[in-house]
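Novice: Input file: data-v6.cif. Contents: mmCIF, C-alpha atoms and all ligand atoms.
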```
data_entry
loop_
_atom_site.label_atom_id
_atom_site.label_comp_id
_atom_site.auth_asym_id
_atom_site.auth_seq_id
_atom_site.Cartn_x
_atom_site.Cartn_y
_atom_site.Cartn_z
CA MET G 9 -11.88 -5.50 -22.30
CA ASN G 10 -13.03 -7.99 -19.70
CA LYS G 11 -11.60 -8.29 -16.19
CA GLN G 12 -9.32 -11.24 -17.01
CA GLU G 13 -7.85 -9.36 -19.96
CA LEU G 14 -7.30 -6.25 -17.82
CA ILE G 15 -5.54 -8.36 -15.16
CA HIS G 16 -3.32 -9.85 -17.88
CA GLN G 17 -2.43 -6.38 -19.21
CA ILE G 18 -1.71 -4.90 -15.78
CA LYS G 19 0.65 -7.79 -14.98
CA ILE G 20 2.57 -7.08 -18.20
CA TRP G 21 2.79 -3.34 -17.37
CA LEU G 22 3.98 -3.98 -13.82
CA LYS G 23 6.62 -6.50 -14.91
CA GLU G 24 7.95 -4.07 -17.49
CA ALA G 25 8.00 -1.25 -14.91
CA ALA G 26 9.82 -3.49 -12.42
CA GLU G 27 12.44 -4.36 -15.03
CA LYS G 28 13.09 -0.67 -15.59
CA ILE G 29 13.63 -0.17 -11.86
CA ARG G 30 15.90 -3.20 -11.50
CA ALA G 31 18.03 -1.93 -14.40
CA VAL G 32 18.77 1.39 -12.68
CA GLN G 33 22.39 2.14 -11.81
CA ILE G 34 21.92 3.56 -8.33
CA LYS G 35 24.76 6.10 -8.83
CA THR G 36 22.90 7.70 -11.73
CA LEU G 37 19.64 8.03 -9.77
CA LYS G 38 18.43 11.61 -9.34
CA VAL G 39 17.08 12.00 -5.79
CA ASP G 40 15.06 15.07 -4.73
CA GLN G 41 13.43 16.06 -1.45
CA LYS G 42 9.70 16.80 -1.38
CA THR G 43 8.33 18.15 1.93
CA ASN G 44 11.44 17.36 4.04
CA ARG G 45 14.80 15.55 3.90
CA LYS G 46 13.16 12.19 4.64
CA ASP G 47 10.42 12.55 2.02
CA LEU G 48 12.14 11.57 -1.23
CA VAL G 49 11.29 11.26 -4.89
CA THR G 50 13.56 9.98 -7.64
CA ASN G 51 13.49 10.20 -11.41
CA MET G 52 12.40 6.52 -11.36
CA ASP G 53 9.27 7.31 -9.30
CA ARG G 54 8.33 9.84 -11.97
CA GLU G 55 9.27 7.63 -14.92
CA VAL G 56 7.40 4.58 -13.63
CA GLN G 57 4.30 6.66 -12.93
CA ALA G 58 4.40 8.23 -16.43
CA PHE G 59 4.87 4.76 -17.97
CA LEU G 60 1.86 3.30 -16.12
CA ILE G 61 -0.34 6.32 -16.90
CA GLU G 62 0.50 6.05 -20.60
CA LYS G 63 -0.52 2.35 -20.60
CA ILE G 64 -3.75 3.05 -18.69
CA GLN G 65 -4.73 5.92 -20.98
CA ALA G 66 -4.14 3.76 -24.07
CA TYR G 67 -6.34 1.07 -22.49
CA ASN G 68 -9.13 3.41 -21.32
CA PRO G 69 -8.92 7.13 -22.18
CA GLU G 70 -11.85 7.77 -19.80
CA ALA G 71 -10.13 6.24 -16.77
CA LYS G 72 -9.31 8.57 -13.87
CA ILE G 73 -5.95 8.42 -12.18
CA LEU G 74 -4.97 9.07 -8.56
CA ALA G 75 -1.19 8.80 -8.19
CA GLU G 76 1.55 10.10 -5.92
CA GLU G 77 3.66 12.28 -8.23
CA GLU G 78 3.26 15.26 -10.53
CA GLY G 79 -0.23 16.67 -10.17
CA TYR G 80 -2.21 13.42 -9.97
CA SER G 81 -2.52 13.41 -6.18
CA GLU G 82 -6.18 14.46 -5.80
CA LEU G 83 -9.42 13.42 -7.44
CA GLU G 84 -12.73 15.29 -7.22
CA SER G 85 -14.87 12.31 -8.08
CA PHE G 86 -14.48 8.53 -7.90
CA GLU G 87 -17.23 7.88 -10.43
CA GLY G 88 -16.29 5.52 -13.24
CA GLN G 89 -13.04 3.59 -13.45
CA VAL G 90 -10.25 4.88 -11.21
CA PHE G 91 -6.64 3.64 -11.10
CA VAL G 92 -4.76 4.35 -7.85
CA ILE G 93 -0.99 4.19 -8.34
CA ASP G 94 2.12 4.32 -6.18
CA PRO G 95 4.99 3.98 -8.69
CA ILE G 96 7.51 3.26 -5.92
CA ASP G 97 6.24 2.57 -2.43
CA GLY G 98 9.17 2.73 -0.02
CA THR G 99 11.29 5.23 -1.96
CA MET G 100 13.62 5.60 1.04
CA ASN G 101 14.28 1.83 0.97
CA PHE G 102 14.80 1.99 -2.80
CA VAL G 103 17.42 4.75 -2.42
CA LEU G 104 19.21 3.43 0.68
CA GLU G 105 18.67 -0.34 0.55
CA GLN G 106 17.93 -1.09 -3.11
CA GLU G 107 15.33 -3.58 -1.88
CA ASN G 108 12.13 -3.67 0.22
CA PHE G 109 10.04 -1.47 -2.06
CA CYS G 110 6.95 -2.13 -4.18
CA ILE G 111 4.93 -0.90 -7.12
CA MET G 112 1.24 -0.66 -6.22
CA LEU G 113 -1.84 -0.34 -8.39
CA GLY G 114 -5.51 -0.52 -7.42
CA VAL G 115 -8.51 -0.47 -9.75
CA TYR G 116 -11.81 0.98 -8.48
CA GLN G 117 -15.21 1.19 -10.15
CA ASP G 118 -17.54 3.92 -8.84
CA GLY G 119 -15.57 3.94 -5.58
CA VAL G 120 -15.64 0.17 -5.06
CA GLY G 121 -12.33 -1.74 -5.08
CA GLN G 122 -12.11 -4.26 -7.92
CA LEU G 123 -8.46 -5.24 -8.34
CA GLY G 124 -5.27 -4.82 -6.34
CA PHE G 125 -1.61 -5.39 -7.30
CA ILE G 126 1.43 -5.11 -5.02
CA TYR G 127 4.72 -5.96 -6.69
CA ASP G 128 7.74 -6.67 -4.48
CA VAL G 129 10.16 -5.59 -7.20
CA MET G 130 13.44 -7.16 -6.07
CA LYS G 131 11.84 -10.48 -5.08
CA GLU G 132 9.83 -10.52 -8.35
CA ALA G 133 6.78 -11.44 -6.27
CA LEU G 134 3.48 -10.03 -7.51
CA TYR G 135 0.62 -10.15 -5.00
CA TRP G 136 -2.64 -9.58 -6.80
CA GLY G 137 -6.32 -10.37 -6.76
CA GLY G 138 -9.62 -8.71 -6.16
CA LYS G 139 -13.24 -8.80 -5.35
CA ASP G 140 -14.50 -12.40 -5.61
CA LEU G 141 -11.24 -13.50 -7.24
CA GLY G 142 -9.07 -14.54 -4.31
CA VAL G 143 -5.49 -13.38 -3.69
CA TYR G 144 -2.40 -14.78 -5.39
CA MET G 145 1.39 -14.57 -5.21
CA ASN G 146 2.43 -14.85 -8.86
CA ASP G 147 0.43 -17.96 -9.90
CA HIS G 148 -0.08 -19.42 -6.43
CA PRO G 149 -3.33 -18.83 -4.54
CA LEU G 150 -2.83 -17.59 -0.97
CA THR G 151 -4.83 -19.05 1.90
CA LYS G 152 -7.05 -16.68 3.87
CA PRO G 153 -5.20 -16.00 7.15
CA GLU G 154 -6.58 -17.11 10.49
CA ASP G 155 -8.43 -14.46 12.51
CA LEU G 156 -5.68 -14.18 15.14
CA ARG G 157 -5.84 -11.96 18.22
CA LEU G 158 -3.43 -9.10 18.92
CA LYS G 159 -1.57 -11.19 21.51
CA ASP G 160 -0.90 -13.93 18.96
CA GLY G 161 0.94 -12.07 16.19
CA LEU G 162 3.36 -9.38 15.04
CA ILE G 163 2.21 -5.86 14.26
CA GLY G 164 3.60 -3.51 11.61
CA LEU G 165 3.98 0.14 12.57
CA ASN G 166 5.27 3.30 11.04
CA GLY G 167 8.49 4.59 12.63
CA TYR G 168 7.12 8.04 13.47
CA LEU G 169 4.06 6.66 15.28
CA PHE G 170 6.23 4.29 17.29
CA SER G 171 8.87 6.82 18.30
CA HIS G 172 6.22 9.39 19.31
CA ASN G 173 3.91 6.79 20.87
CA ARG G 174 0.93 8.22 19.00
CA TRP G 175 -2.41 6.48 19.60
CA ASN G 176 -1.09 4.26 22.37
CA VAL G 177 0.98 2.24 19.88
CA ARG G 178 3.60 1.36 22.51
CA THR G 179 0.98 -0.52 24.56
CA ILE G 180 -0.50 -2.01 21.39
CA GLY G 181 2.99 -3.22 20.44
CA GLU G 182 3.61 -4.62 23.92
CA GLN G 183 0.34 -6.56 23.85
CA SER G 184 1.27 -8.12 20.49
CA MET G 185 4.08 -10.63 19.92
CA GLY G 186 6.29 -7.79 18.67
CA VAL G 187 6.62 -4.71 16.50
CA ARG G 188 8.03 -4.61 12.95
CA ILE G 189 8.80 -1.47 10.96
CA TYR G 190 9.34 -2.11 7.23
CA GLY G 191 9.15 1.48 5.91
CA CYS G 192 7.02 0.26 3.01
CA ALA G 193 3.23 0.04 3.21
CA GLY G 194 3.14 -2.59 0.44
CA LEU G 195 5.35 -4.98 2.39
CA GLU G 196 3.19 -4.48 5.47
CA MET G 197 0.08 -5.32 3.42
CA ILE G 198 1.82 -8.43 2.06
CA ALA G 199 2.70 -9.55 5.62
CA LEU G 200 -1.00 -9.21 6.56
CA LEU G 201 -2.16 -11.10 3.47
CA LYS G 202 0.23 -13.96 4.21
CA GLY G 203 -0.88 -14.14 7.85
CA LYS G 204 2.61 -13.17 9.08
CA HIS G 205 1.38 -10.01 10.81
CA ILE G 206 -1.96 -9.43 12.53
CA GLY G 207 -2.11 -5.66 12.09
CA TYR G 208 -0.66 -2.47 10.65
CA ILE G 209 -0.95 1.11 11.92
CA ALA G 210 0.51 3.99 9.93
CA ASN G 211 0.04 7.43 8.47
CA LEU G 212 -0.76 6.87 4.81
CA SER G 213 -1.77 8.51 1.56
CA PRO G 214 -4.44 6.97 -0.72
CA TRP G 215 -1.89 5.35 -3.07
CA ASP G 216 -0.33 3.62 -0.03
CA TYR G 217 -3.58 1.77 0.78
CA GLY G 218 -5.55 1.82 -2.53
CA ALA G 219 -4.25 -1.52 -3.85
CA GLY G 220 -3.79 -3.23 -0.49
CA ASN G 221 -7.32 -2.54 0.75
CA VAL G 222 -8.83 -4.45 -2.17
CA LEU G 223 -6.77 -7.52 -1.27
CA LEU G 224 -7.37 -7.17 2.48
CA ALA G 225 -11.13 -6.94 1.89
CA GLU G 226 -11.05 -10.14 -0.15
CA PHE G 227 -9.49 -11.88 2.87
CA GLY G 228 -12.04 -10.45 5.32
CA MET G 229 -9.55 -8.12 7.05
CA LYS G 230 -10.78 -4.87 8.58
CA TYR G 231 -9.35 -1.44 7.77
CA SER G 232 -10.30 2.16 8.50
CA GLY G 233 -9.09 5.53 9.69
CA ILE G 234 -7.82 5.73 13.26
CA SER G 235 -11.26 6.18 14.88
CA GLY G 236 -12.98 3.60 12.71
CA GLU G 237 -14.03 6.13 10.07
CA LYS G 238 -14.11 5.39 6.34
CA LEU G 239 -10.87 6.32 4.58
CA LYS G 240 -11.04 9.60 2.69
CA PHE G 241 -8.78 8.84 -0.28
CA ARG G 242 -7.62 12.43 0.04
CA GLY G 243 -4.38 13.54 1.71
CA ARG G 244 -2.48 11.68 4.39
CA GLU G 245 -4.43 10.09 7.22
CA TYR G 246 -3.92 7.64 10.08
CA TYR G 247 -4.71 4.10 9.04
CA ILE G 248 -5.37 0.76 10.77
CA ALA G 249 -5.66 -2.63 9.12
CA ALA G 250 -5.87 -5.93 11.01
CA THR G 251 -7.51 -9.29 11.38
CA PRO G 252 -11.09 -8.76 12.63
CA GLN G 253 -10.25 -9.76 16.23
CA ALA G 254 -7.01 -7.76 16.40
CA TYR G 255 -8.75 -4.77 14.77
CA ASP G 256 -11.33 -4.57 17.57
CA GLU G 257 -8.61 -4.90 20.23
CA ILE G 258 -6.45 -2.22 18.59
CA ARG G 259 -9.43 0.14 18.27
CA ALA G 260 -10.25 -0.33 21.98
CA LEU G 261 -6.65 0.53 22.98
CA ILE G 262 -6.67 3.61 20.73
CA ALA G 263 -10.01 4.74 22.19
CA ALA G 264 -8.56 4.31 25.71
CA ALA G 265 -5.62 6.56 24.77
CA ASP G 266 -8.01 9.11 23.26
CA SER G 267 -10.04 9.38 26.45
CA LEU G 268 -6.85 9.67 28.58
CA ASN G 269 -5.67 12.58 26.43
CA LYS G 270 -8.89 14.54 26.68
P1 LIG S 1 6.29 6.18 -0.06
O1 LIG S 1 7.67 5.62 -0.07
O2 LIG S 1 5.51 5.87 -1.30
O3 LIG S 1 6.24 7.65 0.29
C1 LIG S 1 6.74 4.56 5.37
O4 LIG S 1 6.30 4.55 6.69
C2 LIG S 1 5.56 4.30 4.47
O5 LIG S 1 4.71 5.48 4.51
C3 LIG S 1 5.95 4.10 3.02
O6 LIG S 1 5.07 3.17 2.46
C4 LIG S 1 5.79 5.49 2.43
O7 LIG S 1 5.45 5.43 1.06
C5 LIG S 1 4.60 6.02 3.20
N1 LIG S 1 4.52 7.48 3.18
C6 LIG S 1 3.45 8.18 2.73
N2 LIG S 1 3.68 9.49 2.81
C7 LIG S 1 4.94 9.65 3.30
C8 LIG S 1 5.74 10.79 3.62
N3 LIG S 1 5.32 12.06 3.43
N4 LIG S 1 6.98 10.59 4.12
C9 LIG S 1 7.42 9.32 4.32
N5 LIG S 1 6.71 8.21 4.04
C10 LIG S 1 5.48 8.36 3.54
CA CA S 2 5.71 6.41 -3.50
#
```
Now that the file is in, can you turn its structure into structure tokens?
Ligand code: 2AM
Ligand code: CA

Specialist:
Amino acid sequence: MNKQELIHQIKIWLKEAAEKIRAVQIKTLKVDQKTNRKDLVTNMDREVQAFLIEKIQAYNPEAKILAEEEGYSELESFEGQVFVIDPIDGTMNFVLEQENFCIMLGVYQDGVGQLGFIYDVMKEALYWGGKDLGVYMNDHPLTKPEDLRLKDGLIGLNGYLFSHNRWNVRTIGEQSMGVRIYGCAGLEMIALLKGKHIGYIANLSPWDYGAGNVLLAEFGMKYSGISGEKLKFRGREYYIAATPQAYDEIRALIAAADSLNK
């Protein structure tokens, strides 16, 4: 199957998965806690993941899968074709708001990002694209955002980092035009891709950044671990993504906080 055909298939899978989620009666949803009372999983997270894995395995039985739920959360090797899946990104929003959550899927080949898909389920807006393909919202091409500075735009943060002022984020927020906290990595990635935010700092797992990074790279955005290191794609880690200028400014403010703490 060529790349265009794979893109076509993935869009069909994601639309079908989104329809399943939109059809859920929220009262019948089974909600469980994972590591703590704020870390939730529902039967829909599990069902959507199983649905996508079944489609991927029918398409390529050799493909490897890295996904949030049920024993797919670590991979030994990224050789070959790897699908990175978050069946519901923003589960808390799904449960409490019934909006502001995404389905995310990234396709990697030998560790290199090829395709990324972020589906804002309730808005029926699919952001997708990939290496040398551009980035689209449904059928409309997006324009590469301007390389704005930190002082010229909004920054997305994760609530925990902000309330604990980890990594100097209060100063970073003050130097920006303002802080936004969406509680959904996919929506933060979308805001960056549309040029509505200039940066995002959070504590993320590989399925939270796997799809988004492919799209950010296509638009020349920078991303890394908190000290500029390559992302590990294993476990949760601190994450920065930003326009190239804002990225360098954010990194300098984080480094300043680091040296103060030593
Ligand atoms: P999730 O809903 O798929 O877990 C919230 O700040 C963002 O961080 C969401 O995108 C959320 O994705 C992600 N996240 C990753 N690990 C998390 C965890 N253990 N608890 C809460 N949010 C988590
Ligand atoms: Ca999830």

Novice: As an exercise, work out the distance from atom CA of G:Thr179 to atom CA of G:Tyr217 in Å and give it to one decimal place.

Specialist: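 Computing it gives 24.3 Å between the two atoms.
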
Novice: Using all atoms listed in the file, which of the listed residues (G:Pro95, G:Gly181, G:Gly142, G:Gly233) sits closest to G:Val129?

Specialist: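 Distance minimum relative to G:Val129 lands on G:Pro95.
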
Novice: Set the cut-off to 9 Å, count only C-alpha atoms and all ligand atoms, and list whatever residues fall near ligand LIG 1 (chain S) as a count of residues only.

Specialist: 42

Novice: Go through G:Ala31, G:Tyr247, G:Gly138, G:Ser184 and flag the residue nearest G:Leu169, using all atoms listed in the file for the distances.

Specialist: G:Tyr247

Novice: Please determine, counting all atoms listed in the file, which residue among G:Glu27, G:Asp160, G:Glu70, G:Glu77 has the shortest atom-to-atom distance to ligand CA 2 (chain S).

Specialist: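 When distances to ligand CA 2 (chain S) are compared using all atoms listed in the file, the smallest one comes from G:Glu77.
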
Novice: Looking at all atoms listed in the file, which of G:Ile34, G:Ala75, G:Ile29, G:Val120 is the one that sits closest to G:Glu105?

Specialist: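 Looking at the shortest contact to G:Glu105, the residue is G:Ile34.
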
Novice: If I take atom CA of G:Ile262 and atom CA of G:Gly243, how far is one from the other in Å, to one decimal?

Specialist: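 Atom-to-atom, atom CA of G:Ile262 and atom CA of G:Gly243 are spaced 21.6 Å apart.
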
Novice: Tell me which protein, DNA and RNA residues are within 6 Å of G:His205, counting all atoms listed in the file, leaving out same-chain ones fewer than 6 positions away, and put them as number ranges by chain.

Specialist: G: 161-163, 199

Novice: Which of these residues is nearest to ligand CA 2 (chain S), using only C-alpha atoms and all ligand atoms: G:Ala71, G:Ile15, G:Val187, G:Val92?

Specialist: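 Among the listed residues, G:Val92 lies closest to ligand CA 2 (chain S).
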
Novice: Looking at G:Leu22, G:Val103, G:Met112, G:Ile206, which one is nearest to ligand CA 2 (chain S), with distances taken over all atoms listed in the file?

Specialist: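 Once distances to ligand CA 2 (chain S) are computed over all atoms listed in the file, the minimum belongs to G:Met112.
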
Novice: Mind working out the centre and edge lengths of an axis-aligned box for stretch 172-185 of chain G, all listed atoms inside, 5 Å added to each side, rounded to one decimal in Å and written as lines of an AutoDock Vina configuration file?

Specialist:
```
center_x = 1.9
center_y = -0.6
center_z = 21.8
size_x = 18.6
size_y = 30.0
size_z = 15.6
```

Novice: Between atom CA of G:Ile126 and atom CA of G:Ala219, what is the distance, to one decimal in Å?

Specialist: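 One can read the atom CA of G:Ile126 to atom CA of G:Ala219 distance as 6.8 Å.
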
Novice: Got a sec: who's within 12 Å of G:Ala225, counting all atoms listed in the file, leaving out chain neighbours fewer than 5 positions off, as a VMD selection string?

Specialist: chain G and resid 120 to 124 137 to 143 152 197 200 to 201 217 to 220 230 to 232 249 to 252

Novice: Complete the atom set of stretch 66-88 of chain G to N, CA and C atoms and return it as a tab-separated table (two decimals), keeping the file's coordinate frame.

Specialist:
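Printed below is selection_4.tsv as written:
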```tsv
chain	number	residue	atom	x	y	z
G	66	ALA	N	-3.97	4.47	-22.79
G	66	ALA	CA	-4.14	3.76	-24.07
G	66	ALA	C	-5.24	2.71	-23.92
G	67	TYR	N	-5.33	2.11	-22.73
G	67	TYR	CA	-6.34	1.07	-22.49
G	67	TYR	C	-7.73	1.67	-22.32
G	68	ASN	N	-7.83	2.76	-21.53
G	68	ASN	CA	-9.13	3.41	-21.32
G	68	ASN	C	-8.93	4.92	-21.16
G	69	PRO	N	-9.14	5.69	-22.24
G	69	PRO	CA	-8.92	7.13	-22.18
G	69	PRO	C	-9.82	7.83	-21.16
G	70	GLU	N	-10.91	7.17	-20.77
G	70	GLU	CA	-11.85	7.77	-19.80
G	70	GLU	C	-11.43	7.53	-18.36
G	71	ALA	N	-10.50	6.62	-18.15
G	71	ALA	CA	-10.13	6.24	-16.77
G	71	ALA	C	-9.57	7.44	-16.02
G	72	LYS	N	-9.89	7.51	-14.71
G	72	LYS	CA	-9.31	8.57	-13.87
G	72	LYS	C	-8.11	7.99	-13.14
G	73	ILE	N	-7.18	8.89	-12.80
G	73	ILE	CA	-5.95	8.42	-12.18
G	73	ILE	C	-5.65	9.21	-10.91
G	74	LEU	N	-5.40	8.47	-9.82
G	74	LEU	CA	-4.97	9.07	-8.56
G	74	LEU	C	-3.59	8.47	-8.28
G	75	ALA	N	-2.55	9.32	-8.31
G	75	ALA	CA	-1.19	8.80	-8.19
G	75	ALA	C	-0.33	9.79	-7.43
G	76	GLU	N	0.79	9.29	-6.88
G	76	GLU	CA	1.55	10.10	-5.92
G	76	GLU	C	2.23	11.33	-6.52
G	77	GLU	N	2.79	11.20	-7.72
G	77	GLU	CA	3.66	12.28	-8.23
G	77	GLU	C	2.96	13.18	-9.24
G	78	GLU	N	3.51	14.40	-9.38
G	78	GLU	CA	3.26	15.26	-10.53
G	78	GLU	C	1.80	15.61	-10.83
G	79	GLY	N	1.10	16.13	-9.86
G	79	GLY	CA	-0.23	16.67	-10.17
G	79	GLY	C	-1.36	15.67	-10.31
G	80	TYR	N	-1.13	14.42	-9.90
G	80	TYR	CA	-2.21	13.42	-9.97
G	80	TYR	C	-2.71	13.06	-8.57
G	81	SER	N	-2.36	13.87	-7.55
G	81	SER	CA	-2.52	13.41	-6.18
G	81	SER	C	-3.89	13.69	-5.55
G	82	GLU	N	-4.81	14.28	-6.32
G	82	GLU	CA	-6.18	14.46	-5.80
G	82	GLU	C	-7.20	14.20	-6.89
G	83	LEU	N	-8.33	13.65	-6.48
G	83	LEU	CA	-9.42	13.42	-7.44
G	83	LEU	C	-10.69	14.01	-6.86
G	84	GLU	N	-11.46	14.71	-7.67
G	84	GLU	CA	-12.73	15.29	-7.22
G	84	GLU	C	-13.80	14.23	-7.09
G	85	SER	N	-13.80	13.30	-8.06
G	85	SER	CA	-14.87	12.31	-8.08
G	85	SER	C	-14.31	10.91	-8.34
G	86	PHE	N	-14.90	9.92	-7.68
G	86	PHE	CA	-14.48	8.53	-7.90
G	86	PHE	C	-15.48	7.78	-8.78
G	87	GLU	N	-16.29	8.52	-9.50
G	87	GLU	CA	-17.23	7.88	-10.43
G	87	GLU	C	-16.45	7.28	-11.59
G	88	GLY	N	-16.94	6.16	-12.10
G	88	GLY	CA	-16.29	5.52	-13.24
G	88	GLY	C	-15.10	4.68	-12.80
```
